[in-house]
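Containing TSV, C-alpha atoms (C1' of nucleotides): work.tsv.
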```tsv
chain	number	residue	atom	x	y	z
A	4	MET	CA	80.64	96.51	93.19
A	5	ILE	CA	82.41	93.42	94.45
A	6	SER	CA	83.46	92.31	91.00
A	7	GLN	CA	85.12	95.67	90.39
A	8	ALA	CA	86.75	95.43	93.79
A	9	LEU	CA	88.09	92.00	92.91
A	10	ALA	CA	89.54	93.31	89.66
A	11	LEU	CA	91.28	96.12	91.49
A	12	LEU	CA	92.56	93.71	94.11
A	13	ASP	CA	94.07	91.40	91.53
A	14	GLU	CA	95.64	94.27	89.65
A	15	ALA	CA	97.21	96.24	92.45
A	16	GLY	CA	96.61	94.67	95.85
A	17	PRO	CA	94.43	95.52	98.84
A	18	ASP	CA	95.58	99.13	99.07
A	19	ALA	CA	94.20	99.81	95.61
A	20	VAL	CA	90.73	98.67	96.60
A	21	THR	CA	89.46	102.06	97.65
A	22	ILE	CA	85.81	103.00	97.73
A	23	ARG	CA	86.35	105.75	95.22
A	24	ALA	CA	88.37	103.59	92.86
A	25	VAL	CA	85.67	100.94	92.90
A	26	ALA	CA	83.06	103.61	92.25
A	27	ARG	CA	85.05	105.01	89.32
A	28	ARG	CA	85.43	101.55	87.84
A	29	ALA	CA	81.68	101.04	88.09
A	30	HIS	CA	81.08	104.43	86.42
A	31	VAL	CA	79.25	105.68	89.42
A	32	SER	CA	79.67	108.60	91.79
A	33	HIS	CA	82.12	108.39	94.66
A	34	ALA	CA	79.45	108.05	97.33
A	35	ALA	CA	77.25	105.49	95.62
A	36	PRO	CA	78.92	102.45	97.23
A	37	ALA	CA	77.89	103.79	100.63
A	38	ASN	CA	74.37	102.57	99.95
A	39	HIS	CA	75.62	98.99	99.79
A	40	PHE	CA	78.51	99.02	102.24
A	41	PRO	CA	78.62	101.26	105.30
A	42	ASP	CA	82.37	101.65	105.07
A	43	ARG	CA	85.47	100.34	103.37
A	44	THR	CA	85.94	97.58	105.92
A	45	ALA	CA	82.51	96.22	105.09
A	46	LEU	CA	83.31	96.21	101.38
A	47	LEU	CA	86.60	94.40	101.89
A	48	THR	CA	84.97	91.97	104.30
A	49	ALA	CA	82.33	91.08	101.74
A	50	LEU	CA	85.04	90.63	99.13
A	51	ALA	CA	87.12	88.43	101.44
A	52	THR	CA	84.07	86.34	102.24
A	53	ASP	CA	83.62	85.69	98.54
A	54	LEU	CA	87.28	84.79	98.26
A	55	PHE	CA	86.98	82.20	101.03
A	56	GLN	CA	84.03	80.74	99.21
A	57	MET	CA	85.97	80.63	95.95
A	58	PHE	CA	88.84	78.89	97.66
A	59	GLU	CA	86.54	76.33	99.21
A	60	GLN	CA	85.27	75.51	95.74
A	61	ASP	CA	88.86	75.00	94.59
A	62	VAL	CA	89.39	72.61	97.46
A	63	GLU	CA	86.24	70.64	96.75
A	64	GLN	CA	87.22	70.32	93.14
A	65	ALA	CA	90.70	69.10	94.05
A	66	LEU	CA	89.38	66.67	96.67
A	67	ALA	CA	86.92	65.18	94.19
A	68	VAL	CA	89.74	63.71	92.14
A	69	ALA	CA	92.20	63.05	94.96
A	70	LYS	CA	93.28	59.61	96.09
A	71	PRO	CA	91.64	58.75	99.43
A	72	SER	CA	94.99	58.64	101.21
A	73	TYR	CA	96.05	62.04	99.89
A	74	ARG	CA	93.09	64.15	100.93
A	75	ALA	CA	94.81	66.17	103.66
A	76	ARG	CA	97.75	66.71	101.41
A	77	THR	CA	95.52	67.74	98.53
A	78	TYR	CA	93.91	70.25	100.84
A	79	MET	CA	97.26	71.81	101.64
A	80	GLU	CA	98.38	71.83	98.06
A	81	ALA	CA	95.17	73.61	97.10
A	82	LEU	CA	95.90	76.24	99.74
A	83	LEU	CA	99.42	76.60	98.45
A	84	ASN	CA	98.30	76.93	94.86
A	85	PHE	CA	95.65	79.46	95.71
A	86	GLY	CA	98.11	81.58	97.64
A	87	LEU	CA	100.83	81.52	95.04
A	88	ASP	CA	98.46	81.99	92.11
A	89	HIS	CA	96.55	84.87	93.70
A	90	PRO	CA	98.92	86.65	96.07
A	91	HIS	CA	96.76	89.74	96.51
A	92	ARG	CA	93.66	87.72	97.25
A	93	TYR	CA	95.52	85.62	99.76
A	94	ALA	CA	97.00	88.67	101.41
A	95	LEU	CA	93.62	90.32	101.84
A	96	MET	CA	92.06	87.22	103.38
A	97	TRP	CA	94.33	87.44	106.43
A	98	ARG	CA	94.63	91.18	106.85
A	99	ARG	CA	93.08	91.68	110.25
A	100	ASP	CA	93.30	95.45	110.03
A	101	LEU	CA	91.29	95.61	106.81
A	102	LEU	CA	88.51	93.15	107.60
A	103	ASP	CA	85.75	92.97	110.16
A	104	TRP	CA	86.82	89.86	111.98
A	105	ASN	CA	83.46	89.67	113.78
A	106	ASP	CA	81.44	89.56	110.59
A	107	LEU	CA	79.12	86.57	110.67
A	108	ALA	CA	79.37	85.60	107.01
A	109	LEU	CA	83.14	85.81	107.03
A	110	ASN	CA	83.41	83.77	110.20
A	111	THR	CA	81.09	81.12	108.85
A	112	ARG	CA	83.25	80.68	105.76
A	113	MET	CA	86.44	80.50	107.74
A	114	GLU	CA	85.08	78.03	110.24
A	115	SER	CA	83.79	75.85	107.47
A	116	LEU	CA	87.12	75.89	105.70
A	117	TYR	CA	89.02	75.06	108.84
A	118	ALA	CA	86.57	72.38	109.92
A	119	GLY	CA	86.97	70.67	106.57
A	120	PHE	CA	90.72	70.57	106.98
A	121	VAL	CA	90.63	69.30	110.55
A	122	HIS	CA	88.35	66.53	109.36
A	123	GLU	CA	90.79	65.41	106.68
A	124	VAL	CA	93.62	65.48	109.17
A	125	ALA	CA	91.63	63.55	111.76
A	126	ILE	CA	90.99	60.64	109.41
A	127	LEU	CA	94.66	60.31	108.55
A	128	PRO	CA	96.07	56.89	109.46
A	129	LYS	CA	98.57	56.54	112.31
A	130	GLN	CA	96.82	59.08	114.49
A	131	ALA	CA	97.35	56.99	117.60
A	132	GLY	CA	96.38	59.12	120.54
A	133	ARG	CA	97.47	62.35	118.94
A	134	ASP	CA	95.31	65.47	119.09
A	135	PRO	CA	94.17	66.11	115.53
A	136	HIS	CA	93.80	69.82	116.27
A	137	THR	CA	97.46	70.11	117.13
A	138	LEU	CA	98.50	68.39	113.95
A	139	ALA	CA	96.01	70.40	111.91
A	140	ILE	CA	97.27	73.67	113.36
A	141	ALA	CA	100.87	72.66	112.78
A	142	LEU	CA	100.19	71.75	109.17
A	143	TRP	CA	98.07	74.78	108.46
A	144	SER	CA	100.61	77.04	110.10
A	145	MET	CA	103.42	75.64	108.02
A	146	VAL	CA	101.61	76.06	104.74
A	147	HIS	CA	100.32	79.49	105.70
A	148	GLY	CA	103.75	80.58	106.88
A	149	TYR	CA	105.43	79.31	103.77
A	150	ILE	CA	102.99	81.17	101.53
A	151	ALA	CA	103.28	84.33	103.61
A	152	LEU	CA	107.06	84.25	103.54
A	153	ARG	CA	107.17	83.56	99.83
A	154	LEU	CA	104.72	86.37	99.14
A	155	SER	CA	106.83	88.63	101.32
A	156	GLY	CA	109.70	87.82	98.99
A	157	VAL	CA	111.86	86.42	101.75
A	158	PHE	CA	112.78	83.28	99.87
A	159	GLU	CA	112.82	85.00	96.51
A	160	ASP	CA	116.53	85.14	95.84
A	161	ARG	CA	117.33	81.87	97.51
A	162	ARG	CA	115.91	79.48	94.92
A	163	ASP	CA	113.95	79.46	91.70
A	164	GLU	CA	110.36	78.44	91.13
A	165	VAL	CA	110.95	74.81	90.30
A	166	SER	CA	113.17	73.93	93.18
A	167	GLY	CA	110.81	75.91	95.40
A	168	ASP	CA	107.99	73.58	94.52
A	169	ALA	CA	110.26	70.63	95.07
A	170	ARG	CA	111.11	72.01	98.47
A	171	THR	CA	107.46	72.46	99.25
A	172	THR	CA	106.87	68.83	98.44
A	173	ALA	CA	109.78	67.88	100.64
A	174	MET	CA	108.38	69.97	103.47
A	175	LEU	CA	104.99	68.34	103.25
A	176	ASP	CA	106.65	64.93	103.14
A	177	LEU	CA	108.64	65.82	106.20
A	178	LEU	CA	105.73	66.81	108.34
A	179	LEU	CA	103.24	64.23	107.11
A	180	ALA	CA	105.80	61.48	107.60
A	181	SER	CA	106.07	62.37	111.24
B	26	MET	CA	111.87	110.26	114.82
B	27	ILE	CA	112.17	106.49	114.92
B	28	SER	CA	111.51	106.28	118.62
B	29	GLN	CA	108.26	108.18	118.18
B	30	ALA	CA	107.40	105.95	115.26
B	31	LEU	CA	107.99	102.90	117.44
B	32	ALA	CA	105.73	104.27	120.13
B	33	LEU	CA	102.97	104.87	117.61
B	34	LEU	CA	103.47	101.41	116.15
B	35	ASP	CA	103.15	99.72	119.51
B	36	GLU	CA	100.09	101.75	120.41
B	37	ALA	CA	98.04	101.46	117.27
B	38	GLY	CA	99.75	99.39	114.61
B	39	PRO	CA	101.47	100.13	111.31
B	40	ASP	CA	98.61	102.22	109.94
B	41	ALA	CA	99.02	104.71	112.77
B	42	VAL	CA	102.64	105.33	111.90
B	43	THR	CA	102.01	108.23	109.59
B	44	ILE	CA	104.59	110.88	108.81
B	45	ARG	CA	102.41	113.59	110.26
B	46	ALA	CA	101.59	111.68	113.42
B	47	VAL	CA	105.28	111.06	114.04
B	48	ALA	CA	105.98	114.74	113.45
B	49	ARG	CA	103.23	115.78	115.88
B	50	ARG	CA	104.58	113.43	118.52
B	51	ALA	CA	108.03	114.95	118.08
B	52	HIS	CA	106.56	118.47	118.39
B	53	VAL	CA	107.76	119.36	114.97
B	54	SER	CA	106.12	120.56	111.79
B	55	HIS	CA	104.46	118.11	109.44
B	56	ALA	CA	107.16	118.34	106.81
B	57	ALA	CA	110.19	118.11	109.07
B	58	PRO	CA	110.57	114.33	108.81
B	59	ALA	CA	111.11	114.71	105.09
B	60	ASN	CA	114.65	115.87	105.80
B	61	HIS	CA	115.48	112.52	107.33
B	62	PHE	CA	113.32	110.15	105.31
B	63	PRO	CA	112.39	110.76	101.69
B	64	ASP	CA	108.99	109.13	102.16
B	65	ARG	CA	106.91	107.04	104.51
B	66	THR	CA	108.27	103.79	103.15
B	67	ALA	CA	111.79	104.87	104.05
B	68	LEU	CA	110.71	105.73	107.58
B	69	LEU	CA	108.98	102.40	108.08
B	70	THR	CA	111.90	100.55	106.53
B	71	ALA	CA	114.31	102.16	108.96
B	72	LEU	CA	111.98	101.29	111.81
B	73	ALA	CA	111.67	97.69	110.66
B	74	THR	CA	115.44	97.43	110.34
B	75	ASP	CA	115.75	98.46	113.96
B	76	LEU	CA	113.13	95.90	114.92
B	77	PHE	CA	115.06	93.12	113.23
B	78	GLN	CA	118.11	94.21	115.15
B	79	MET	CA	116.21	94.24	118.42
B	80	PHE	CA	114.90	90.77	117.74
B	81	GLU	CA	118.38	89.49	116.96
B	82	GLN	CA	119.50	90.76	120.34
B	83	ASP	CA	116.64	88.85	121.96
B	84	VAL	CA	117.78	85.72	120.20
B	85	GLU	CA	121.40	86.15	121.22
B	86	GLN	CA	120.36	86.65	124.79
B	87	ALA	CA	118.22	83.53	124.75
B	88	LEU	CA	120.89	81.46	123.03
B	89	ALA	CA	123.47	82.51	125.59
B	90	VAL	CA	121.69	80.59	128.32
B	91	ALA	CA	120.28	77.76	126.20
B	92	LYS	CA	121.36	74.15	126.47
B	93	PRO	CA	123.54	73.21	123.51
B	94	SER	CA	121.00	70.68	122.24
B	95	TYR	CA	118.15	73.19	122.36
B	96	ARG	CA	119.61	76.03	120.34
B	97	ALA	CA	117.40	75.70	117.27
B	98	ARG	CA	114.39	75.33	119.47
B	99	THR	CA	115.39	78.34	121.54
B	100	TYR	CA	115.63	80.32	118.34
B	101	MET	CA	112.09	79.42	117.41
B	102	GLU	CA	110.76	80.11	120.85
B	103	ALA	CA	112.37	83.52	120.77
B	104	LEU	CA	110.64	84.23	117.46
B	105	LEU	CA	107.37	83.08	118.90
B	106	ASN	CA	107.73	85.19	122.01
B	107	PHE	CA	108.68	88.25	120.04
B	108	GLY	CA	105.70	87.88	117.73
B	109	LEU	CA	103.17	87.29	120.47
B	110	ASP	CA	104.59	89.96	122.77
B	111	HIS	CA	104.80	92.64	120.08
B	112	PRO	CA	102.13	91.89	117.50
B	113	HIS	CA	102.34	95.27	115.77
B	114	ARG	CA	106.10	95.11	115.46
B	115	TYR	CA	105.94	91.63	114.09
B	116	ALA	CA	103.25	92.60	111.60
B	117	LEU	CA	105.25	95.52	110.27
B	118	MET	CA	108.37	93.43	109.78
B	119	TRP	CA	106.70	91.32	107.10
B	120	ARG	CA	104.50	93.89	105.41
B	121	ARG	CA	105.94	93.91	101.93
B	122	ASP	CA	103.71	96.78	100.81
B	123	LEU	CA	104.94	99.09	103.55
B	124	LEU	CA	108.69	98.41	103.41
B	125	ASP	CA	111.37	98.86	100.81
B	126	TRP	CA	112.34	95.26	100.33
B	127	ASN	CA	115.46	96.27	98.38
B	128	ASP	CA	116.86	98.38	101.18
B	129	LEU	CA	120.40	97.30	101.92
B	130	ALA	CA	120.32	97.70	105.71
B	131	LEU	CA	117.03	95.83	105.98
B	132	ASN	CA	118.26	93.01	103.79
B	133	THR	CA	121.46	92.69	105.75
B	134	ARG	CA	119.54	92.29	109.00
B	135	MET	CA	117.17	89.75	107.55
B	136	GLU	CA	119.92	87.70	105.95
B	137	SER	CA	121.86	87.69	109.18
B	138	LEU	CA	118.84	86.56	111.14
B	139	TYR	CA	118.03	83.79	108.71
B	140	ALA	CA	121.63	82.66	108.40
B	141	GLY	CA	121.86	82.31	112.16
B	142	PHE	CA	118.81	80.10	112.21
B	143	VAL	CA	119.95	77.92	109.33
B	144	HIS	CA	123.22	77.41	111.17
B	145	GLU	CA	121.48	76.23	114.31
B	146	VAL	CA	119.34	73.86	112.27
B	147	ALA	CA	122.33	72.55	110.34
B	148	ILE	CA	124.14	71.47	113.49
B	149	LEU	CA	121.16	69.56	114.81
B	150	PRO	CA	121.92	65.88	115.31
B	151	LYS	CA	120.35	63.24	113.04
B	152	GLN	CA	120.70	65.37	109.94
B	153	ALA	CA	121.69	62.40	107.82
B	154	GLY	CA	121.69	63.52	104.23
B	155	ARG	CA	118.85	65.98	104.71
B	156	ASP	CA	119.02	69.47	103.23
B	157	PRO	CA	119.22	71.84	106.22
B	158	HIS	CA	117.64	74.62	104.17
B	159	THR	CA	114.52	72.57	103.62
B	160	LEU	CA	114.21	71.82	107.30
B	161	ALA	CA	114.98	75.42	108.22
B	162	ILE	CA	112.34	76.74	105.86
B	163	ALA	CA	109.80	74.24	107.12
B	164	LEU	CA	110.46	75.17	110.74
B	165	TRP	CA	110.54	78.88	110.12
B	166	SER	CA	107.38	78.67	108.03
B	167	MET	CA	105.56	76.83	110.75
B	168	VAL	CA	106.49	79.29	113.48
B	169	HIS	CA	105.83	82.27	111.25
B	170	GLY	CA	102.52	80.86	110.11
B	171	TYR	CA	101.45	80.08	113.64
B	172	ILE	CA	102.26	83.59	114.79
B	173	ALA	CA	100.55	85.13	111.78
B	174	LEU	CA	97.41	83.08	112.28
B	175	ARG	CA	97.30	83.81	115.98
B	176	LEU	CA	97.76	87.50	115.36
B	177	SER	CA	95.02	87.33	112.77
B	178	GLY	CA	92.82	86.01	115.53
B	179	VAL	CA	92.05	82.79	113.71
B	180	PHE	CA	92.77	80.55	116.67
B	181	GLU	CA	91.46	83.02	119.19
B	182	ASP	CA	88.24	81.39	120.21
B	183	ARG	CA	89.51	77.85	119.89
B	184	ARG	CA	91.68	77.73	122.98
B	185	ASP	CA	92.97	79.89	125.79
B	186	GLU	CA	96.44	81.31	126.24
B	187	VAL	CA	97.86	78.51	128.34
B	188	SER	CA	96.76	75.61	126.23
B	189	GLY	CA	97.88	77.59	123.22
B	190	ASP	CA	101.41	77.64	124.53
B	191	ALA	CA	101.15	73.97	125.32
B	192	ARG	CA	100.05	73.36	121.78
B	193	THR	CA	102.95	75.35	120.47
B	194	THR	CA	105.30	73.18	122.45
B	195	ALA	CA	103.60	70.11	121.06
B	196	MET	CA	103.97	71.47	117.54
B	197	LEU	CA	107.66	72.09	117.95
B	198	ASP	CA	108.09	68.62	119.42
B	199	LEU	CA	106.27	67.16	116.48
B	200	LEU	CA	108.40	68.73	113.83
B	201	LEU	CA	111.74	68.52	115.60
B	202	ALA	CA	111.14	64.87	116.39
B	203	SER	CA	110.84	64.11	112.72
C	11	DC	C1'	135.40	137.92	113.33
C	12	DA	C1'	132.68	137.62	109.08
C	13	DT	C1'	131.06	134.70	105.39
C	14	DT	C1'	129.41	130.70	103.39
C	15	DC	C1'	126.73	126.90	102.98
C	16	DA	C1'	124.83	122.52	104.14
C	17	DA	C1'	121.52	120.58	107.35
C	18	DT	C1'	117.27	121.06	109.16
C	19	DG	C1'	112.76	123.18	110.14
C	20	DT	C1'	108.46	125.81	108.60
C	21	DT	C1'	104.48	127.23	105.95
C	22	DG	C1'	101.59	126.57	102.28
C	23	DT	C1'	99.66	123.91	98.74
C	24	DC	C1'	97.90	119.92	95.94
C	25	DA	C1'	95.54	115.64	94.90
C	26	DG	C1'	93.70	111.65	96.89
C	27	DT	C1'	90.97	109.29	100.55
C	28	DG	C1'	86.92	107.88	103.89
C	29	DT	C1'	82.95	109.62	105.63
C	30	DC	C1'	78.95	112.36	106.30
C	31	DA	C1'	74.95	115.48	105.07
C	32	DA	C1'	71.71	117.27	101.94
C	33	DT	C1'	69.49	116.52	97.88
C	34	DA	C1'	67.77	114.30	93.70
C	35	DT	C1'	65.74	110.42	91.05
C	36	DA	C1'	63.47	106.47	89.87
C	37	DG	C1'	60.48	102.81	90.41
C	38	DA	C1'	57.57	99.77	93.05
C	39	DA	C1'	53.63	99.67	96.24
C	40	DA	C1'	49.42	101.58	97.67
D	5	DT	C1'	48.06	109.07	90.92
D	6	DT	C1'	50.45	109.36	95.12
D	7	DT	C1'	53.75	107.79	98.43
D	8	DC	C1'	57.79	106.05	99.94
D	9	DT	C1'	61.86	103.24	99.83
D	10	DA	C1'	66.10	102.23	97.51
D	11	DT	C1'	69.65	104.16	95.28
D	12	DA	C1'	72.49	107.87	93.13
D	13	DT	C1'	74.56	112.56	93.23
D	14	DT	C1'	76.87	116.69	94.78
D	15	DG	C1'	79.36	118.95	98.07
D	16	DA	C1'	81.89	119.33	102.12
D	17	DC	C1'	85.34	118.15	105.92
D	18	DA	C1'	89.47	116.35	107.98
D	19	DC	C1'	93.15	113.57	107.17
D	20	DT	C1'	97.16	111.84	104.45
D	21	DG	C1'	101.73	111.84	101.49
D	22	DA	C1'	104.22	114.66	98.85
D	23	DC	C1'	106.20	118.75	96.94
D	24	DA	C1'	107.88	123.74	96.62
D	25	DA	C1'	109.44	127.94	98.51
D	26	DC	C1'	111.41	129.94	102.21
D	27	DA	C1'	113.56	130.50	106.95
D	28	DT	C1'	116.85	129.31	110.50
D	29	DT	C1'	120.85	127.62	112.49
D	30	DG	C1'	125.31	126.34	113.28
D	31	DA	C1'	129.70	124.59	111.98
D	32	DA	C1'	133.62	125.11	108.75
D	33	DT	C1'	136.39	128.23	106.33
D	34	DG	C1'	138.75	132.43	104.98
```
Show how you would write the structure in this file as structure tokens.
Amino acid sequence: MISQALALLDEAGPDAVTIRAVARRAHVSHAAPANHFPDRTALLTALATDLFQMFEQDVEQALAVAKPSYRARTYMEALLNFGLDHPHRYALMWRRDLLDWNDLALNTRMESLYAGFVHEVAILPKQAGRDPHTLAIALWSMVHGYIALRLSGVFEDRRDEVSGDARTTAMLDLLLAS
Amino acid sequence: MISQALALLDEAGPDAVTIRAVARRAHVSHAAPANHFPDRTALLTALATDLFQMFEQDVEQALAVAKPSYRARTYMEALLNFGLDHPHRYALMWRRDLLDWNDLALNTRMESLYAGFVHEVAILPKQAGRDPHTLAIALWSMVHGYIALRLSGVFEDRRDEVSGDARTTAMLDLLLAS
DNA sequence: CATTCAATGTTGTCAGTGTCAATATAGAAA
DNA sequence: TTTCTATATTGACACTGACAACATTGAATG
């Protein structure tokens, strides 16, 4: 069920992940999914939970080969890569109206992801007296906002791919330097 | 038509702004809106265009009474206030799947808004040799990301309203200081 | 004033959707 | 062999966006 939902998501975005479309793709009647997920929100929530888990694996993999002084930065670059490589997945993961934000499994994944990032930020050097949460939120916000705006197409006609990545690097430099 | 759509948007979010609901609210048959908007996307695009215009007026008003050295910051605070005060409006304005991103009127509004911000950033002091676009994108991304994450409810249970605003201030300080 | 015609509104229909109810089936547990 | 739980199916309902056919209205034109 979820694997078919993921395929639909990648192909045509969250809107295309309909119960009936998933059922068709699984060669099953339109009401069969109801036995596994009470409603569409539950299906999408389960899918998003898996996506958070997949992303966390990406991060762990990237951190494993990262220089000790670049761990926070590696974290952000992993987020950036995930978002730009899988726009539909990224979009779904933050769509409050489509997910059950009170779901335990989903919350656990999100907390774990965020806690990992805060930890990397907290062990950054030159943290003298500064609240790591504030810095973590600022950094996360910037990366999230940049991905969201790029996926919205806002920056699309203002620069090409290559210079965009260069700008991203410059942005991270800017904030981390401070 | 649009005023009813706005009312529905504020009450129950973008999903509630359906052609038929707008028609019902206007005491008109379900197909009447088709004479003014070819499809739902066109209706939502027109609504979003108006929202961008309304936001620009907010900004102008705020800038009119802002200290000369705080103009860029005022801009960002206006964005933040708009997003947090009108979550549904803000959400619609960046929903690529619901709007016609090639619409001329919408693009004009967005360009104008962005150009105004880049201008304020460009005239900031201590700009020595730095690309104002990079700084503008970084700042805009951070504010946008922060709003998006707060509206997603990610930060919800991590701090209360007041300290959240304090944190926002701290974030802006952080980035502008650099 | 009468006619024309473009703008706008109405009714009816279609396929697609989420959700529910009633029913069927299969397979493990007893 | 029987029972019962998990799962699948069929059918229905209300809702949606979209289209087609038709009605109304009112201003411009002769």
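Those residues that approach region 12-25 of chain D to within 9 Å, counting only C-alpha atoms (C1' of nucleotides), are A:Val31, A:Ser32, A:His33, A:Ala34, A:Ala35, A:Asn38, B:Thr43, B:Ile44, B:Arg45, B:Asp64, B:Arg65, C:DT21, C:DG22, C:DT23, C:DC24, C:DG26, C:DT27, C:DT29, C:DC30, C:DA31, C:DA32, C:DT33, C:DA34, C:DT35; same-chain residues fewer than 2 positions away are not listed.
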Restricting the output to C-alpha atoms (C1' of nucleotides), write the selected residues as a PDB file, in the coordinates of the input.
```pdb
ATOM      1  CA  VAL A  31      79.250 105.680  89.420  1.00  0.00           C
ATOM      2  CA  SER A  32      79.670 108.600  91.790  1.00  0.00           C
ATOM      3  CA  HIS A  33      82.120 108.390  94.660  1.00  0.00           C
ATOM      4  CA  ALA A  34      79.450 108.050  97.330  1.00  0.00           C
ATOM      5  CA  ALA A  35      77.250 105.490  95.620  1.00  0.00           C
ATOM      6  CA  ASN A  38      74.370 102.570  99.950  1.00  0.00           C
TER       7      ASN A  38
ATOM      8  CA  THR B  43     102.010 108.230 109.590  1.00  0.00           C
ATOM      9  CA  ILE B  44     104.590 110.880 108.810  1.00  0.00           C
ATOM     10  CA  ARG B  45     102.410 113.590 110.260  1.00  0.00           C
ATOM     11  CA  ASP B  64     108.990 109.130 102.160  1.00  0.00           C
ATOM     12  CA  ARG B  65     106.910 107.040 104.510  1.00  0.00           C
TER      13      ARG B  65
ATOM     14  C1'  DT C  21     104.480 127.230 105.950  1.00  0.00           C
ATOM     15  C1'  DG C  22     101.590 126.570 102.280  1.00  0.00           C
ATOM     16  C1'  DT C  23      99.660 123.910  98.740  1.00  0.00           C
ATOM     17  C1'  DC C  24      97.900 119.920  95.940  1.00  0.00           C
ATOM     18  C1'  DG C  26      93.700 111.650  96.890  1.00  0.00           C
ATOM     19  C1'  DT C  27      90.970 109.290 100.550  1.00  0.00           C
ATOM     20  C1'  DT C  29      82.950 109.620 105.630  1.00  0.00           C
ATOM     21  C1'  DC C  30      78.950 112.360 106.300  1.00  0.00           C
ATOM     22  C1'  DA C  31      74.950 115.480 105.070  1.00  0.00           C
ATOM     23  C1'  DA C  32      71.710 117.270 101.940  1.00  0.00           C
ATOM     24  C1'  DT C  33      69.490 116.520  97.880  1.00  0.00           C
ATOM     25  C1'  DA C  34      67.770 114.300  93.700  1.00  0.00           C
ATOM     26  C1'  DT C  35      65.740 110.420  91.050  1.00  0.00           C
TER      27       DT C  35
END
```
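In this structure, CA of Gln64 (chain A) sits 21.7 Å away from CA of Leu9 (chain A).
Within 8 Å of chain B, chain A contributes the residues Trp97, Arg98, Arg99, Trp104, Thr137, Leu138, Ile140, Ala141, Leu142, Trp143, Ser144, Met145, Val146, His147, Gly148, Tyr149, Ala151, Leu152, Ser155, Gly156, Arg170, Ala173, Met174, Leu177, Leu178, Ala180 and Ser181 of chain A, using all atoms listed in the file.
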Discussion item. What's the separation between CA of Asp83 (chain B) and CA of Ile148 (chain B), in Å to one decimal place?
Written reply: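 That distance, rounded to one decimal, is 20.7 Å.
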Practice prompt. Give me, please, the distance in Å between CA of Gln56 (chain A) and CA of Pro128 (chain A), quoted to one decimal.
Written response: 28.6 Å
